[in-house]
Amino acid sequence: MAKGDVKLLGTWASPFALRVKIALKLKSVDYEYLEENLRGGKSELLIKSNPVHKKIPVLLHGDRPVCESLVIVQYIDEVWTYGQSILPSDPYDRAIARFWAAYVEDKVWLSMRAFMTANDEDARVEAVAKFKEVSVLLEDAFVKSSKGKPFFGGDEIGYVDIAFGAFAGWFKVIEKALNVELFDEATTPNLLAWVVAFLAHPAIEDIIPSTDKLLEFATNVVLPSIKAVAPASQ
């Protein structure tokens, strides 16, 4: 398939767009990446392609848009069947992977926002405690899913790895900015090793932005944006 037949609308720092980039790389799919400058207004193509939510990422396959990052990852796995499978072939294992990916979608992003909106030490301590609750459950899920191998998907990166691992760069940002450890040997030793293995994987190393670049973006763009809308949401 020609590169122009597959396009991805995204923003470079978005973990949701990163999920799609990772899946496309795992499947060796050539595509054209279109960076959206959301601060300057959403493009007509984005609004046309995702008229319901008007959000990135959007995958354009020919003239057909596919929206929502986890839906897109599943679509990529089903359309480009060559190479490694992202979702397990066994129906039960596939259902379990979808369950934990949905859990990540529900809990981890809320935890990220809690860190970003924490404006005092008590709020930061509470945000860390809530993330630890989430990560302990994911630690148990990792042990059961990985069966002693490096990834949720076993020997290779799978669906839950992509769902959770797309936040790995932001984990590093939070650890550096707040001087905390999100994963540790005492409570989440397997996730601690998993993050290292995930970031070192050939499909990941050129996709996840550097900690310093993400930290600069968070400081100059994300935090001011959150503070600007906070009073209206109270």
# chains A, B, ... in the order shown; residues from 1 in each chain; ligands from 1
call {"tool": "residues_around", "arguments": {"residues": "region 195-204 of chain A", "least_positions_apart": "6", "cutoff": "7 Å", "atoms": "only C-alpha atoms", "output": "compact mmCIF listing (two decimals) with all heavy atoms, in the first residue's frame"}}
result
# COMPACT_ATOMS: atom_id res chain seq x y z
N ILE A 22 3.13 3.53 17.40
CA ILE A 22 3.77 2.27 17.80
C ILE A 22 3.17 1.10 17.02
O ILE A 22 3.89 0.25 16.50
CB ILE A 22 3.62 2.04 19.31
CG1 ILE A 22 4.42 3.09 20.09
CG2 ILE A 22 4.08 0.63 19.70
CD1 ILE A 22 4.08 3.15 21.57
N LYS A 25 4.31 1.07 13.45
CA LYS A 25 5.70 0.64 13.32
C LYS A 25 5.83 -0.86 13.52
O LYS A 25 6.59 -1.53 12.81
CB LYS A 25 6.58 1.38 14.32
CG LYS A 25 8.07 1.10 14.11
CD LYS A 25 8.95 2.07 14.85
CE LYS A 25 10.42 1.80 14.55
NZ LYS A 25 11.32 2.75 15.26
N LEU A 26 5.11 -1.42 14.49
CA LEU A 26 5.16 -2.86 14.70
C LEU A 26 4.71 -3.62 13.46
O LEU A 26 5.21 -4.72 13.17
CB LEU A 26 4.27 -3.25 15.89
CG LEU A 26 4.79 -2.91 17.29
CD1 LEU A 26 3.72 -3.21 18.33
CD2 LEU A 26 6.06 -3.68 17.60
N PRO A 150 9.00 -10.58 29.09
CA PRO A 150 9.25 -9.15 29.32
C PRO A 150 8.05 -8.22 29.20
O PRO A 150 8.07 -7.12 29.75
CB PRO A 150 10.30 -8.79 28.26
CG PRO A 150 10.87 -10.09 27.79
CD PRO A 150 9.78 -11.09 27.95
N GLY A 165 2.05 1.63 27.77
CA GLY A 165 3.41 2.10 27.51
C GLY A 165 3.48 3.44 26.79
O GLY A 165 4.50 4.12 26.88
N ALA A 168 4.69 6.09 28.93
CA ALA A 168 5.98 5.89 29.60
C ALA A 168 6.83 7.17 29.63
O ALA A 168 7.50 7.45 30.62
CB ALA A 168 6.76 4.76 28.92
call {"tool": "residues_around", "arguments": {"residues": "Arg98 (chain A)", "least_positions_apart": "2", "cutoff": "10 Å", "atoms": "only C-alpha atoms", "output": "PyMOL selection string"}}
result
chain A and resi 70+74+87-88+92-96+100-104+159-160+163
call {"tool": "closest_atom_pairs", "arguments": {"of": "region 49-163 of chain A", "to": "region 175-185 of chain A", "cutoff": "12 Å", "atoms": "only C-alpha atoms", "output": "CSV"}}
result
residue,atom,partner,partner_atom,distance
A:Val108,CA,A:Leu182,CA,11.9
A:Ser111,CA,A:Leu182,CA,11.1
A:Met112,CA,A:Leu182,CA,11.3
A:Phe115,CA,A:Leu178,CA,8.9
A:Met116,CA,A:Leu178,CA,10.2
A:Ala118,CA,A:Leu178,CA,10.3
A:Asn119,CA,A:Leu178,CA,11.4
A:Asp120,CA,A:Leu178,CA,11.0
A:Glu121,CA,A:Leu178,CA,9.7
A:Ala123,CA,A:Leu178,CA,11.7
A:Arg124,CA,A:Leu178,CA,8.1
A:Val125,CA,A:Val180,CA,9.6
A:Ala127,CA,A:Leu182,CA,10.4
A:Val128,CA,A:Leu182,CA,7.2
A:Ala129,CA,A:Leu182,CA,9.4
A:Lys130,CA,A:Leu182,CA,10.5
A:Phe131,CA,A:Leu182,CA,7.4
A:Lys132,CA,A:Leu182,CA,6.9
A:Glu133,CA,A:Leu182,CA,10.6
A:Val134,CA,A:Leu182,CA,10.5
A:Ser135,CA,A:Phe183,CA,7.7
A:Val136,CA,A:Phe183,CA,9.2
A:Leu138,CA,A:Phe183,CA,11.0
A:Glu139,CA,A:Phe183,CA,9.6
call {"tool": "select_by_dssp", "arguments": {"residues": "region 11-69 of chain A", "states": "strand (DSSP E or B)", "output": "PyMOL selection string"}}
result
chain A and resi 32-35+58-61+64-67
call {"tool": "closest_residue", "arguments": {"among": "A:Lys21, A:Lys7, A:Glu36, A:Leu192", "to": "Glu205 (chain A)", "atoms": "only C-alpha atoms"}}
result
A:Lys21
call {"tool": "closest_residue", "arguments": {"among": "A:Ala97, A:Glu126, A:Gly169, A:Ser210", "to": "Ile157 (chain A)", "atoms": "only C-alpha atoms"}}
result
A:Ala97
call {"tool": "residues_around", "arguments": {"residues": "Phe152 (chain A)", "least_positions_apart": "5", "cutoff": "6 Å", "atoms": "only C-alpha atoms", "output": "CSV table (one decimal) with all heavy atoms, in the first residue's frame"}}
result
chain,number,residue,atom,x,y,z
A,142,PHE,N,0.2,-7.8,34.9
A,142,PHE,CA,1.4,-8.1,34.2
A,142,PHE,C,1.9,-9.5,34.5
A,142,PHE,O,2.2,-10.3,33.6
A,142,PHE,CB,2.5,-7.1,34.5
A,142,PHE,CG,3.7,-7.3,33.8
A,142,PHE,CD1,3.9,-6.9,32.5
A,142,PHE,CD2,4.8,-8.1,34.3
A,142,PHE,CE1,5.1,-7.1,31.8
A,142,PHE,CE2,5.9,-8.4,33.7
A,142,PHE,CZ,6.1,-7.9,32.4
A,145,SER,N,-0.4,-12.0,32.7
A,145,SER,CA,-0.4,-12.0,31.3
A,145,SER,C,0.9,-12.3,30.7
A,145,SER,O,1.0,-13.0,29.6
A,145,SER,CB,-0.8,-10.5,30.8
A,145,SER,OG,-2.1,-10.2,31.3
A,146,SER,N,2.0,-11.8,31.3
A,146,SER,CA,3.3,-12.0,30.7
A,146,SER,C,3.9,-13.4,30.8
A,146,SER,O,4.7,-13.8,30.0
A,146,SER,CB,4.3,-11.0,31.3
A,146,SER,OG,4.5,-11.4,32.7
A,161,ASP,N,0.6,-3.5,26.4
A,161,ASP,CA,1.9,-2.7,26.4
A,161,ASP,C,1.7,-1.4,25.6
A,161,ASP,O,2.2,-0.4,26.1
A,161,ASP,CB,2.9,-3.6,25.6
A,161,ASP,CG,3.2,-4.9,26.4
A,161,ASP,OD1,3.9,-4.8,27.4
A,161,ASP,OD2,2.8,-5.9,25.9
call {"tool": "residues_around", "arguments": {"residues": "Trp12 (chain A)", "least_positions_apart": "6", "cutoff": "9 Å", "atoms": "only C-alpha atoms", "output": "list of chain:residue names"}}
result
A:Leu18, A:Glu35, A:Glu36, A:Ile208, A:Pro209
call {"tool": "select_by_dssp", "arguments": {"residues": "region 7-232 of chain A", "states": "alpha helix (DSSP H)", "output": "MDAnalysis selection string"}}
result
chainID A and resid 15:26 44:49 69:79 91:117 121:146 159:165 168:178 189:200 211:217 223:232
call {"tool": "closest_residue", "arguments": {"among": "A:Leu191, A:Val143, A:Ile207, A:Val29", "to": "Thr81 (chain A)", "atoms": "only C-alpha atoms"}}
result
A:Val29
call {"tool": "residues_around", "arguments": {"residues": "Tyr82 (chain A)", "least_positions_apart": "3", "cutoff": "12 Å", "atoms": "only C-alpha atoms", "output": "count of residues only"}}
result
11
call {"tool": "closest_residue", "arguments": {"among": "A:Gly10, A:Gly148, A:Pro91, A:Gly158", "to": "Asn37 (chain A)", "atoms": "only C-alpha atoms"}}
result
A:Gly10
call {"tool": "atom_distance", "arguments": {"atom1": "CA of Leu137 (chain A)", "atom2": "CA of Trp170 (chain A)"}}
result
19.5 Å
call {"tool": "atom_distance", "arguments": {"atom1": "CA of Trp80 (chain A)", "atom2": "CA of Glu156 (chain A)"}}
result
17.0 Å
call {"tool": "residues_around", "arguments": {"residues": "Val6 (chain A)", "least_positions_apart": "6", "cutoff": "6 Å", "atoms": "only C-alpha atoms", "output": "VMD selection string"}}
result
chain A and resid 31 60 to 61
